[in-house]
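Peer 1: This is upload-v3.cif, which holds mmCIF, N, CA, C and O atoms:
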data_input
loop_
_atom_site.label_atom_id
_atom_site.label_comp_id
_atom_site.auth_asym_id
_atom_site.auth_seq_id
_atom_site.Cartn_x
_atom_site.Cartn_y
_atom_site.Cartn_z
N MET A 1 47.82 81.46 47.37
CA MET A 1 47.24 82.64 46.76
C MET A 1 48.10 83.86 47.07
O MET A 1 48.65 83.98 48.15
N SER A 2 48.22 84.76 46.12
CA SER A 2 48.98 85.99 46.30
C SER A 2 48.28 86.94 47.26
O SER A 2 47.07 86.92 47.39
N LYS A 3 49.10 87.76 47.90
CA LYS A 3 48.57 88.80 48.76
C LYS A 3 49.11 90.14 48.30
O LYS A 3 50.14 90.21 47.62
N ILE A 4 48.42 91.19 48.71
CA ILE A 4 48.78 92.55 48.32
C ILE A 4 49.26 93.30 49.56
O ILE A 4 48.58 93.32 50.58
N ALA A 5 50.42 93.93 49.45
CA ALA A 5 50.92 94.82 50.49
C ALA A 5 50.58 96.25 50.06
O ALA A 5 50.92 96.66 48.95
N ILE A 6 49.92 96.97 50.93
CA ILE A 6 49.63 98.38 50.68
C ILE A 6 50.54 99.17 51.61
O ILE A 6 50.40 99.12 52.83
N LEU A 7 51.48 99.89 51.02
CA LEU A 7 52.48 100.64 51.78
C LEU A 7 52.05 102.10 51.87
O LEU A 7 51.86 102.76 50.84
N VAL A 8 51.91 102.60 53.10
CA VAL A 8 51.39 103.95 53.32
C VAL A 8 52.24 104.69 54.35
O VAL A 8 52.03 104.55 55.55
N PRO A 9 53.20 105.49 53.90
CA PRO A 9 53.89 106.36 54.86
C PRO A 9 52.95 107.52 55.22
O PRO A 9 52.25 108.05 54.36
N SER A 10 52.90 107.86 56.49
CA SER A 10 51.94 108.89 56.91
C SER A 10 52.42 109.54 58.20
O SER A 10 53.05 108.89 59.04
N ARG A 11 52.10 110.80 58.35
CA ARG A 11 52.44 111.51 59.58
C ARG A 11 51.27 112.39 60.01
O ARG A 11 50.81 113.23 59.25
N GLU A 12 50.82 112.16 61.22
CA GLU A 12 49.82 112.97 61.91
C GLU A 12 48.42 112.94 61.33
O GLU A 12 47.47 113.16 62.03
N ARG A 13 48.23 112.68 60.08
CA ARG A 13 46.94 112.84 59.42
C ARG A 13 46.01 111.65 59.71
O ARG A 13 45.65 110.90 58.82
N MET A 14 45.62 111.52 60.97
CA MET A 14 44.80 110.38 61.38
C MET A 14 43.47 110.35 60.63
O MET A 14 42.98 109.28 60.28
N ASN A 15 42.89 111.51 60.36
CA ASN A 15 41.62 111.52 59.61
C ASN A 15 41.79 110.93 58.22
O ASN A 15 40.93 110.18 57.74
N LYS A 16 42.90 111.20 57.56
CA LYS A 16 43.17 110.62 56.24
C LYS A 16 43.39 109.12 56.35
O LYS A 16 42.90 108.34 55.54
N ARG A 17 44.14 108.70 57.37
CA ARG A 17 44.39 107.27 57.57
C ARG A 17 43.09 106.51 57.79
O ARG A 17 42.89 105.44 57.21
N LEU A 18 42.23 107.06 58.64
CA LEU A 18 40.96 106.39 58.93
C LEU A 18 40.08 106.27 57.69
O LEU A 18 39.46 105.24 57.46
N THR A 19 40.04 107.32 56.88
CA THR A 19 39.26 107.29 55.64
C THR A 19 39.82 106.23 54.70
O THR A 19 39.08 105.44 54.11
N LEU A 20 41.14 106.20 54.55
CA LEU A 20 41.79 105.19 53.69
C LEU A 20 41.49 103.78 54.17
O LEU A 20 41.07 102.93 53.39
N ILE A 21 41.72 103.53 55.45
CA ILE A 21 41.52 102.19 56.00
C ILE A 21 40.06 101.76 55.85
O ILE A 21 39.77 100.62 55.45
N ALA A 22 39.14 102.65 56.15
CA ALA A 22 37.71 102.32 56.00
C ALA A 22 37.38 102.00 54.55
O ALA A 22 36.62 101.06 54.27
N SER A 23 37.96 102.73 53.61
CA SER A 23 37.68 102.46 52.19
C SER A 23 38.23 101.10 51.77
O SER A 23 37.61 100.38 50.98
N ILE A 24 39.38 100.71 52.31
CA ILE A 24 39.94 99.39 52.02
C ILE A 24 39.04 98.30 52.59
O ILE A 24 38.67 97.35 51.90
N LEU A 25 38.69 98.44 53.85
CA LEU A 25 37.89 97.42 54.52
C LEU A 25 36.52 97.22 53.88
O LEU A 25 36.00 96.10 53.86
N THR A 26 35.94 98.28 53.35
CA THR A 26 34.59 98.18 52.78
C THR A 26 34.57 97.85 51.29
O THR A 26 33.50 97.60 50.75
N SER A 27 35.73 97.82 50.65
CA SER A 27 35.74 97.56 49.21
C SER A 27 36.42 96.24 48.82
O SER A 27 36.22 95.77 47.70
N VAL A 28 37.22 95.65 49.70
CA VAL A 28 37.87 94.39 49.35
C VAL A 28 36.87 93.24 49.38
O VAL A 28 35.89 93.26 50.11
N LYS A 29 37.14 92.23 48.57
CA LYS A 29 36.34 91.01 48.60
C LYS A 29 36.70 90.19 49.83
O LYS A 29 35.84 89.64 50.51
N ASP A 30 38.02 90.11 50.11
CA ASP A 30 38.50 89.31 51.23
C ASP A 30 39.67 90.04 51.88
O ASP A 30 40.74 90.18 51.28
N ILE A 31 39.49 90.50 53.10
CA ILE A 31 40.54 91.25 53.78
C ILE A 31 41.81 90.42 53.96
O ILE A 31 42.91 90.97 54.09
N ASP A 32 41.69 89.11 53.92
CA ASP A 32 42.88 88.25 54.02
C ASP A 32 43.78 88.36 52.79
O ASP A 32 44.89 87.84 52.80
N ASN A 33 43.32 89.02 51.73
CA ASN A 33 44.13 89.24 50.54
C ASN A 33 45.08 90.43 50.70
O ASN A 33 45.94 90.64 49.84
N VAL A 34 44.93 91.19 51.79
CA VAL A 34 45.60 92.48 51.91
C VAL A 34 46.27 92.64 53.27
O VAL A 34 45.72 92.23 54.29
N ASN A 35 47.45 93.23 53.26
CA ASN A 35 48.08 93.75 54.48
C ASN A 35 48.41 95.21 54.23
O ASN A 35 48.96 95.57 53.18
N ILE A 36 48.06 96.04 55.19
CA ILE A 36 48.31 97.48 55.11
C ILE A 36 49.49 97.80 56.02
O ILE A 36 49.43 97.56 57.23
N TYR A 37 50.55 98.31 55.45
CA TYR A 37 51.74 98.70 56.20
C TYR A 37 51.73 100.21 56.35
O TYR A 37 51.99 100.94 55.40
N LEU A 38 51.42 100.67 57.55
CA LEU A 38 51.34 102.09 57.83
C LEU A 38 52.66 102.53 58.44
O LEU A 38 53.02 102.13 59.56
N GLY A 39 53.41 103.33 57.69
CA GLY A 39 54.70 103.83 58.18
C GLY A 39 54.49 105.10 58.98
O GLY A 39 53.99 106.09 58.46
N VAL A 40 54.84 105.04 60.27
CA VAL A 40 54.63 106.17 61.17
C VAL A 40 55.95 106.51 61.86
O VAL A 40 56.61 105.62 62.42
N ASP A 41 56.32 107.78 61.81
CA ASP A 41 57.55 108.22 62.47
C ASP A 41 57.49 107.96 63.97
O ASP A 41 56.43 108.09 64.59
N ARG A 42 58.63 107.60 64.54
CA ARG A 42 58.69 107.34 65.99
C ARG A 42 58.18 108.54 66.78
O ARG A 42 57.56 108.37 67.83
N ASP A 43 58.43 109.77 66.32
CA ASP A 43 58.01 110.96 67.07
C ASP A 43 56.65 111.51 66.64
O ASP A 43 56.25 112.59 67.04
N ASP A 44 55.90 110.75 65.85
CA ASP A 44 54.56 111.17 65.42
C ASP A 44 53.62 111.16 66.62
O ASP A 44 53.49 110.14 67.30
N PRO A 45 52.95 112.27 66.90
CA PRO A 45 52.05 112.31 68.06
C PRO A 45 50.84 111.37 67.94
O PRO A 45 50.19 111.10 68.95
N THR A 46 50.57 110.83 66.76
CA THR A 46 49.44 109.91 66.59
C THR A 46 49.87 108.44 66.58
O THR A 46 49.04 107.56 66.33
N LEU A 47 51.13 108.17 66.88
CA LEU A 47 51.64 106.80 66.84
C LEU A 47 50.85 105.87 67.76
O LEU A 47 50.45 104.77 67.34
N GLU A 48 50.59 106.29 68.97
CA GLU A 48 49.88 105.43 69.92
C GLU A 48 48.47 105.09 69.42
O GLU A 48 48.03 103.94 69.54
N VAL A 49 47.78 106.05 68.85
CA VAL A 49 46.44 105.80 68.32
C VAL A 49 46.51 104.81 67.16
O VAL A 49 45.69 103.89 67.06
N ALA A 50 47.49 104.97 66.29
CA ALA A 50 47.67 104.05 65.16
C ALA A 50 47.93 102.63 65.66
O ALA A 50 47.39 101.66 65.12
N GLN A 51 48.73 102.49 66.70
CA GLN A 51 49.02 101.18 67.26
C GLN A 51 47.77 100.54 67.86
O GLN A 51 47.55 99.34 67.72
N LYS A 52 46.94 101.33 68.53
CA LYS A 52 45.68 100.81 69.07
C LYS A 52 44.76 100.35 67.94
O LYS A 52 44.12 99.30 68.04
N LEU A 53 44.72 101.11 66.86
CA LEU A 53 43.90 100.75 65.71
C LEU A 53 44.37 99.43 65.10
O LEU A 53 43.56 98.59 64.71
N SER A 54 45.67 99.22 65.06
CA SER A 54 46.21 97.98 64.47
C SER A 54 45.83 96.75 65.29
O SER A 54 45.75 95.65 64.75
N LYS A 55 45.60 96.92 66.57
CA LYS A 55 45.17 95.79 67.40
C LYS A 55 43.75 95.35 67.05
O LYS A 55 43.40 94.18 67.21
N ALA A 56 42.95 96.29 66.56
CA ALA A 56 41.56 95.98 66.19
C ALA A 56 41.44 95.49 64.75
O ALA A 56 40.45 94.86 64.39
N ILE A 57 42.45 95.78 63.93
CA ILE A 57 42.42 95.42 62.51
C ILE A 57 43.66 94.59 62.20
O ILE A 57 44.75 95.14 61.98
N PRO A 58 43.53 93.26 62.17
CA PRO A 58 44.70 92.40 61.95
C PRO A 58 45.46 92.68 60.65
O PRO A 58 46.67 92.45 60.60
N ALA A 59 44.80 93.17 59.63
CA ALA A 59 45.47 93.45 58.35
C ALA A 59 46.33 94.71 58.41
O ALA A 59 47.12 94.96 57.51
N LEU A 60 46.20 95.49 59.47
CA LEU A 60 46.94 96.74 59.61
C LEU A 60 48.20 96.51 60.42
O LEU A 60 48.15 96.07 61.56
N LYS A 61 49.33 96.82 59.82
CA LYS A 61 50.64 96.69 60.47
C LYS A 61 51.22 98.09 60.62
O LYS A 61 51.45 98.77 59.62
N VAL A 62 51.45 98.53 61.84
CA VAL A 62 52.09 99.83 62.06
C VAL A 62 53.59 99.61 62.11
O VAL A 62 54.09 98.84 62.93
N CYS A 63 54.28 100.26 61.21
CA CYS A 63 55.74 100.14 61.10
C CYS A 63 56.35 101.46 61.57
O CYS A 63 56.14 102.50 60.94
N ILE A 64 57.08 101.40 62.66
CA ILE A 64 57.68 102.61 63.22
C ILE A 64 58.92 102.96 62.41
O ILE A 64 59.82 102.14 62.22
N ILE A 65 58.95 104.20 61.93
CA ILE A 65 60.07 104.71 61.14
C ILE A 65 60.99 105.50 62.07
O ILE A 65 60.56 106.45 62.72
N GLU A 66 62.23 105.07 62.15
CA GLU A 66 63.22 105.77 62.96
C GLU A 66 63.70 106.98 62.17
O GLU A 66 64.46 106.85 61.22
N ASN A 67 63.20 108.15 62.54
CA ASN A 67 63.48 109.35 61.76
C ASN A 67 64.40 110.34 62.45
O ASN A 67 64.72 111.39 61.88
N GLU A 68 64.81 110.07 63.68
CA GLU A 68 65.72 110.94 64.44
C GLU A 68 65.25 112.39 64.45
O GLU A 68 66.04 113.32 64.34
N GLY A 69 63.92 112.58 64.53
CA GLY A 69 63.36 113.92 64.67
C GLY A 69 63.29 114.74 63.40
O GLY A 69 62.99 115.93 63.46
N LYS A 70 63.54 114.13 62.24
CA LYS A 70 63.46 114.90 61.00
C LYS A 70 62.82 114.06 59.91
O LYS A 70 62.80 112.83 59.96
N PHE A 71 62.30 114.73 58.90
CA PHE A 71 61.65 114.06 57.78
C PHE A 71 62.71 113.39 56.91
O PHE A 71 63.64 114.05 56.44
N ILE A 72 62.57 112.08 56.69
CA ILE A 72 63.58 111.35 55.92
C ILE A 72 63.21 111.20 54.45
O ILE A 72 64.00 110.69 53.67
N GLY A 73 62.02 111.62 54.08
CA GLY A 73 61.60 111.55 52.68
C GLY A 73 60.71 110.35 52.39
O GLY A 73 60.92 109.27 52.95
N LEU A 74 59.73 110.55 51.52
CA LEU A 74 58.79 109.47 51.18
C LEU A 74 59.49 108.29 50.52
O LEU A 74 59.16 107.15 50.79
N GLY A 75 60.44 108.56 49.65
CA GLY A 75 61.15 107.47 48.97
C GLY A 75 61.82 106.53 49.96
O GLY A 75 61.70 105.32 49.85
N LYS A 76 62.50 107.09 50.93
CA LYS A 76 63.17 106.26 51.94
C LYS A 76 62.14 105.52 52.79
O LYS A 76 62.32 104.35 53.13
N MET A 77 61.03 106.20 53.12
CA MET A 77 59.99 105.55 53.91
C MET A 77 59.38 104.38 53.14
O MET A 77 59.16 103.31 53.71
N TRP A 78 59.11 104.55 51.85
CA TRP A 78 58.58 103.45 51.05
C TRP A 78 59.59 102.30 50.97
O TRP A 78 59.21 101.14 51.01
N ASN A 79 60.87 102.62 50.86
CA ASN A 79 61.89 101.56 50.85
C ASN A 79 61.89 100.77 52.16
O ASN A 79 62.00 99.54 52.15
N ILE A 80 61.77 101.46 53.28
CA ILE A 80 61.72 100.79 54.58
C ILE A 80 60.49 99.89 54.66
O ILE A 80 60.57 98.73 55.09
N LEU A 81 59.33 100.40 54.22
CA LEU A 81 58.10 99.61 54.25
C LEU A 81 58.19 98.41 53.31
O LEU A 81 57.69 97.32 53.63
N THR A 82 58.83 98.59 52.16
CA THR A 82 59.01 97.48 51.22
C THR A 82 59.82 96.36 51.87
O THR A 82 59.49 95.19 51.74
N GLU A 83 60.87 96.73 52.59
CA GLU A 83 61.70 95.74 53.27
C GLU A 83 60.92 95.00 54.36
O GLU A 83 61.18 93.83 54.63
N MET A 84 59.94 95.65 54.98
CA MET A 84 59.15 95.03 56.04
C MET A 84 58.05 94.12 55.50
O MET A 84 57.58 93.23 56.19
N SER A 85 57.64 94.35 54.26
CA SER A 85 56.54 93.57 53.68
C SER A 85 57.06 92.24 53.14
O SER A 85 58.24 92.10 52.84
N THR A 86 56.15 91.28 53.02
CA THR A 86 56.51 89.95 52.52
C THR A 86 55.64 89.53 51.34
O THR A 86 55.86 88.46 50.77
N GLU A 87 54.68 90.35 50.96
CA GLU A 87 53.73 90.00 49.91
C GLU A 87 54.36 90.16 48.53
O GLU A 87 55.20 91.03 48.32
N PRO A 88 53.93 89.32 47.56
CA PRO A 88 54.50 89.42 46.21
C PRO A 88 53.98 90.62 45.41
O PRO A 88 54.61 91.03 44.45
N ILE A 89 52.86 91.18 45.81
CA ILE A 89 52.29 92.34 45.12
C ILE A 89 52.39 93.54 46.07
O ILE A 89 51.92 93.48 47.20
N ILE A 90 53.00 94.62 45.59
CA ILE A 90 53.20 95.81 46.41
C ILE A 90 52.53 97.01 45.77
O ILE A 90 52.67 97.26 44.57
N SER A 91 51.82 97.77 46.60
CA SER A 91 51.19 99.01 46.18
C SER A 91 51.70 100.13 47.07
O SER A 91 51.61 100.03 48.30
N MET A 92 52.24 101.17 46.48
CA MET A 92 52.76 102.30 47.23
C MET A 92 51.79 103.46 47.04
O MET A 92 51.65 103.97 45.92
N ILE A 93 51.12 103.86 48.13
CA ILE A 93 50.08 104.89 48.00
C ILE A 93 50.25 105.96 49.06
O ILE A 93 50.95 105.77 50.06
N GLY A 94 49.56 107.07 48.85
CA GLY A 94 49.52 108.14 49.83
C GLY A 94 48.36 107.93 50.80
O GLY A 94 47.40 107.22 50.50
N ASP A 95 48.45 108.57 51.95
CA ASP A 95 47.41 108.40 52.95
C ASP A 95 46.10 109.12 52.59
O ASP A 95 45.09 108.95 53.26
N ASP A 96 46.12 109.89 51.51
CA ASP A 96 44.91 110.60 51.09
C ASP A 96 44.14 109.87 49.98
O ASP A 96 43.18 110.39 49.44
N MET A 97 44.55 108.65 49.69
CA MET A 97 43.86 107.86 48.66
C MET A 97 42.65 107.17 49.28
O MET A 97 42.62 106.89 50.47
N VAL A 98 41.64 106.88 48.45
CA VAL A 98 40.51 106.06 48.86
C VAL A 98 40.26 104.99 47.81
O VAL A 98 40.50 105.22 46.62
N PHE A 99 39.80 103.83 48.24
CA PHE A 99 39.48 102.73 47.36
C PHE A 99 37.98 102.71 47.14
O PHE A 99 37.21 102.67 48.11
N LEU A 100 37.55 102.75 45.88
CA LEU A 100 36.14 102.79 45.56
C LEU A 100 35.65 101.57 44.79
O LEU A 100 34.46 101.28 44.78
N THR A 101 36.56 100.87 44.13
CA THR A 101 36.17 99.75 43.28
C THR A 101 35.90 98.51 44.12
O THR A 101 36.76 98.05 44.88
N LYS A 102 34.70 97.99 43.99
CA LYS A 102 34.30 96.79 44.74
C LYS A 102 35.15 95.60 44.28
O LYS A 102 35.40 95.42 43.10
N ASP A 103 35.62 94.82 45.23
CA ASP A 103 36.41 93.61 44.98
C ASP A 103 37.71 93.88 44.22
O ASP A 103 38.21 93.03 43.48
N TRP A 104 38.30 95.04 44.40
CA TRP A 104 39.53 95.40 43.70
C TRP A 104 40.67 94.44 43.99
O TRP A 104 41.54 94.21 43.16
N ASP A 105 40.67 93.87 45.20
CA ASP A 105 41.74 92.96 45.58
C ASP A 105 41.77 91.73 44.67
O ASP A 105 42.84 91.33 44.17
N GLU A 106 40.62 91.15 44.40
CA GLU A 106 40.57 89.98 43.52
C GLU A 106 40.95 90.35 42.09
O GLU A 106 41.58 89.57 41.40
N GLN A 107 40.57 91.53 41.66
CA GLN A 107 40.91 91.96 40.31
C GLN A 107 42.43 92.10 40.15
O GLN A 107 42.99 91.68 39.15
N ILE A 108 43.09 92.68 41.14
CA ILE A 108 44.55 92.84 41.08
C ILE A 108 45.24 91.48 41.13
O ILE A 108 46.15 91.21 40.34
N ILE A 109 44.82 90.62 42.02
CA ILE A 109 45.44 89.30 42.13
C ILE A 109 45.24 88.50 40.85
O ILE A 109 46.16 87.82 40.38
N ARG A 110 44.07 88.60 40.26
CA ARG A 110 43.80 87.88 39.01
C ARG A 110 44.73 88.36 37.90
O ARG A 110 45.22 87.57 37.10
N GLU A 111 44.97 89.66 37.82
CA GLU A 111 45.86 90.21 36.78
C GLU A 111 47.28 89.73 36.98
O GLU A 111 48.04 89.51 36.11
#
Now, as a test, write the supplied structure out as structure tokens.
Peer 2:
Amino acid sequence: MSKIAILVPSRERMNKRLTLIASILTSVKDIDNVNIYLGVDRDDPTLEVAQKLSKAIPALKVCIIENEGKFIGLGKMWNILTEMSTEPIISMIGDDMVFLTKDWDEQIIRE
């Protein structure tokens, strides 16, 4: 069965991340259909919290972005996350998105 990679570059906005992750967890039919790749800069002050969260949520993968202290751009971050993902279906989203459609994962896989 196909899986969906959700690629999310994000910096500092833990409240946005938590809202996004909660919306994914409560709207998917089967969390095993999804992996969430959270791109976090090495110098992001919320990196440790994100890593702790990933230990509690197996579908959440925290990907550390080596940014050398400067913003490298969303396009480059999405490219890095794409290289880290292995799923055949890729979704590139912002950390301020929320999922509202029930069972959206099965609908995407079916299409």
Peer 1: Give me, please, the distance in Å between atom C of Leu38 in chain A and atom N of Thr26 in chain A, quoted to one decimal.
Peer 2: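 For atom C of Leu38 in chain A relative to atom N of Thr26 in chain A, the distance reads 18.0 Å.
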Peer 1: Enumerate, as an MDAnalysis selection string, the residues matched when the PyMOL selection byres ((chain A and resi 93-109) around 4.5) is run on the file above.
Peer 2: chainID A and resid 7:9 16:17 20 23 27:29 91:92 110:111
Peer 1: With only C-alpha atoms as the basis for distance, which of A:Ile4, A:Ile36, A:Leu81, A:Leu74 is at the shortest distance from Ile57 in chain A?
Peer 2: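 Smallest separation from Ile57 in chain A among the options: A:Ile36.
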Peer 1: What parts of chain A does DSSP call helix (DSSP H, G or I)? I'd like the answer as a short mmCIF file (atom, residue, chain, number, x, y, z; two decimals) with N, CA, C and O atoms, in the coordinates of the input.
Peer 2:
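In the end it all went to selection.cif:
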data_model
loop_
_atom_site.label_atom_id
_atom_site.label_comp_id
_atom_site.auth_asym_id
_atom_site.auth_seq_id
_atom_site.Cartn_x
_atom_site.Cartn_y
_atom_site.Cartn_z
N MET A 14 45.62 111.52 60.97
CA MET A 14 44.80 110.38 61.38
C MET A 14 43.47 110.35 60.63
O MET A 14 42.98 109.28 60.28
N ASN A 15 42.89 111.51 60.36
CA ASN A 15 41.62 111.52 59.61
C ASN A 15 41.79 110.93 58.22
O ASN A 15 40.93 110.18 57.74
N LYS A 16 42.90 111.20 57.56
CA LYS A 16 43.17 110.62 56.24
C LYS A 16 43.39 109.12 56.35
O LYS A 16 42.90 108.34 55.54
N ARG A 17 44.14 108.70 57.37
CA ARG A 17 44.39 107.27 57.57
C ARG A 17 43.09 106.51 57.79
O ARG A 17 42.89 105.44 57.21
N LEU A 18 42.23 107.06 58.64
CA LEU A 18 40.96 106.39 58.93
C LEU A 18 40.08 106.27 57.69
O LEU A 18 39.46 105.24 57.46
N THR A 19 40.04 107.32 56.88
CA THR A 19 39.26 107.29 55.64
C THR A 19 39.82 106.23 54.70
O THR A 19 39.08 105.44 54.11
N LEU A 20 41.14 106.20 54.55
CA LEU A 20 41.79 105.19 53.69
C LEU A 20 41.49 103.78 54.17
O LEU A 20 41.07 102.93 53.39
N ILE A 21 41.72 103.53 55.45
CA ILE A 21 41.52 102.19 56.00
C ILE A 21 40.06 101.76 55.85
O ILE A 21 39.77 100.62 55.45
N ALA A 22 39.14 102.65 56.15
CA ALA A 22 37.71 102.32 56.00
C ALA A 22 37.38 102.00 54.55
O ALA A 22 36.62 101.06 54.27
N SER A 23 37.96 102.73 53.61
CA SER A 23 37.68 102.46 52.19
C SER A 23 38.23 101.10 51.77
O SER A 23 37.61 100.38 50.98
N ILE A 24 39.38 100.71 52.31
CA ILE A 24 39.94 99.39 52.02
C ILE A 24 39.04 98.30 52.59
O ILE A 24 38.67 97.35 51.90
N LEU A 25 38.69 98.44 53.85
CA LEU A 25 37.89 97.42 54.52
C LEU A 25 36.52 97.22 53.88
O LEU A 25 36.00 96.10 53.86
N THR A 26 35.94 98.28 53.35
CA THR A 26 34.59 98.18 52.78
C THR A 26 34.57 97.85 51.29
O THR A 26 33.50 97.60 50.75
N SER A 27 35.73 97.82 50.65
CA SER A 27 35.74 97.56 49.21
C SER A 27 36.42 96.24 48.82
O SER A 27 36.22 95.77 47.70
N ILE A 31 39.49 90.50 53.10
CA ILE A 31 40.54 91.25 53.78
C ILE A 31 41.81 90.42 53.96
O ILE A 31 42.91 90.97 54.09
N ASP A 32 41.69 89.11 53.92
CA ASP A 32 42.88 88.25 54.02
C ASP A 32 43.78 88.36 52.79
O ASP A 32 44.89 87.84 52.80
N ASN A 33 43.32 89.02 51.73
CA ASN A 33 44.13 89.24 50.54
C ASN A 33 45.08 90.43 50.70
O ASN A 33 45.94 90.64 49.84
N LEU A 47 51.13 108.17 66.88
CA LEU A 47 51.64 106.80 66.84
C LEU A 47 50.85 105.87 67.76
O LEU A 47 50.45 104.77 67.34
N GLU A 48 50.59 106.29 68.97
CA GLU A 48 49.88 105.43 69.92
C GLU A 48 48.47 105.09 69.42
O GLU A 48 48.03 103.94 69.54
N VAL A 49 47.78 106.05 68.85
CA VAL A 49 46.44 105.80 68.32
C VAL A 49 46.51 104.81 67.16
O VAL A 49 45.69 103.89 67.06
N ALA A 50 47.49 104.97 66.29
CA ALA A 50 47.67 104.05 65.16
C ALA A 50 47.93 102.63 65.66
O ALA A 50 47.39 101.66 65.12
N GLN A 51 48.73 102.49 66.70
CA GLN A 51 49.02 101.18 67.26
C GLN A 51 47.77 100.54 67.86
O GLN A 51 47.55 99.34 67.72
N LYS A 52 46.94 101.33 68.53
CA LYS A 52 45.68 100.81 69.07
C LYS A 52 44.76 100.35 67.94
O LYS A 52 44.12 99.30 68.04
N LEU A 53 44.72 101.11 66.86
CA LEU A 53 43.90 100.75 65.71
C LEU A 53 44.37 99.43 65.10
O LEU A 53 43.56 98.59 64.71
N SER A 54 45.67 99.22 65.06
CA SER A 54 46.21 97.98 64.47
C SER A 54 45.83 96.75 65.29
O SER A 54 45.75 95.65 64.75
N LYS A 55 45.60 96.92 66.57
CA LYS A 55 45.17 95.79 67.40
C LYS A 55 43.75 95.35 67.05
O LYS A 55 43.40 94.18 67.21
N ALA A 56 42.95 96.29 66.56
CA ALA A 56 41.56 95.98 66.19
C ALA A 56 41.44 95.49 64.75
O ALA A 56 40.45 94.86 64.39
N LEU A 74 59.73 110.55 51.52
CA LEU A 74 58.79 109.47 51.18
C LEU A 74 59.49 108.29 50.52
O LEU A 74 59.16 107.15 50.79
N GLY A 75 60.44 108.56 49.65
CA GLY A 75 61.15 107.47 48.97
C GLY A 75 61.82 106.53 49.96
O GLY A 75 61.70 105.32 49.85
N LYS A 76 62.50 107.09 50.93
CA LYS A 76 63.17 106.26 51.94
C LYS A 76 62.14 105.52 52.79
O LYS A 76 62.32 104.35 53.13
N MET A 77 61.03 106.20 53.12
CA MET A 77 59.99 105.55 53.91
C MET A 77 59.38 104.38 53.14
O MET A 77 59.16 103.31 53.71
N TRP A 78 59.11 104.55 51.85
CA TRP A 78 58.58 103.45 51.05
C TRP A 78 59.59 102.30 50.97
O TRP A 78 59.21 101.14 51.01
N ASN A 79 60.87 102.62 50.86
CA ASN A 79 61.89 101.56 50.85
C ASN A 79 61.89 100.77 52.16
O ASN A 79 62.00 99.54 52.15
N ILE A 80 61.77 101.46 53.28
CA ILE A 80 61.72 100.79 54.58
C ILE A 80 60.49 99.89 54.66
O ILE A 80 60.57 98.73 55.09
N LEU A 81 59.33 100.40 54.22
CA LEU A 81 58.10 99.61 54.25
C LEU A 81 58.19 98.41 53.31
O LEU A 81 57.69 97.32 53.63
N THR A 82 58.83 98.59 52.16
CA THR A 82 59.01 97.48 51.22
C THR A 82 59.82 96.36 51.87
O THR A 82 59.49 95.19 51.74
N GLU A 83 60.87 96.73 52.59
CA GLU A 83 61.70 95.74 53.27
C GLU A 83 60.92 95.00 54.36
O GLU A 83 61.18 93.83 54.63
N MET A 84 59.94 95.65 54.98
CA MET A 84 59.15 95.03 56.04
C MET A 84 58.05 94.12 55.50
O MET A 84 57.58 93.23 56.19
N TRP A 104 38.30 95.04 44.40
CA TRP A 104 39.53 95.40 43.70
C TRP A 104 40.67 94.44 43.99
O TRP A 104 41.54 94.21 43.16
N ASP A 105 40.67 93.87 45.20
CA ASP A 105 41.74 92.96 45.58
C ASP A 105 41.77 91.73 44.67
O ASP A 105 42.84 91.33 44.17
N GLU A 106 40.62 91.15 44.40
CA GLU A 106 40.57 89.98 43.52
C GLU A 106 40.95 90.35 42.09
O GLU A 106 41.58 89.57 41.40
N GLN A 107 40.57 91.53 41.66
CA GLN A 107 40.91 91.96 40.31
C GLN A 107 42.43 92.10 40.15
O GLN A 107 42.99 91.68 39.15
N ILE A 108 43.09 92.68 41.14
CA ILE A 108 44.55 92.84 41.08
C ILE A 108 45.24 91.48 41.13
O ILE A 108 46.15 91.21 40.34
N ILE A 109 44.82 90.62 42.02
CA ILE A 109 45.44 89.30 42.13
C ILE A 109 45.24 88.50 40.85
O ILE A 109 46.16 87.82 40.38
N ARG A 110 44.07 88.60 40.26
CA ARG A 110 43.80 87.88 39.01
C ARG A 110 44.73 88.36 37.90
O ARG A 110 45.22 87.57 37.10
#
Peer 1: Check chain A with DSSP on the backbone and list each residue it calls strand (DSSP E), as a list in words.
Peer 2: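 Reading the DSSP output for chain A, strand (DSSP E) covers Ile4, Ala5, Ile6, Leu7, Val8, Pro9, Ser10, Val34, Asn35, Ile36, Tyr37, Leu38, Gly39, Val40, Asp41, Leu60, Lys61, Val62, Cys63, Ile64, Ile65, Ile89, Ile90, Ser91 and Met92 of chain A.
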Peer 1: Tell me which of A:Gly39, A:Pro58, A:Ile24, A:Asn33 sits closest to Trp78 in chain A, counting only N, CA, C and O atoms.
Peer 2: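 Residue with the minimum atom-to-atom distance to Trp78 in chain A: A:Gly39.
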Peer 1: May I have the residues within 12 Å of Ile72 in chain A as a ChimeraX atom specification, using only C-alpha atoms and disregarding those fewer than 2 positions away in the same chain?
Peer 2: /A:9-11,39-42,65-70,74-80
Peer 1: Measure the distance from atom C of Met14 in chain A to CA of Lys55 in chain A in Å and round it to one decimal.
Peer 2: 16.1 Å
Peer 1: Hey, can you check how far atom N of Phe71 in chain A sits from atom N of Asn35 in chain A?
Peer 2: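 Between these atoms lies a distance of 26.7 Å.
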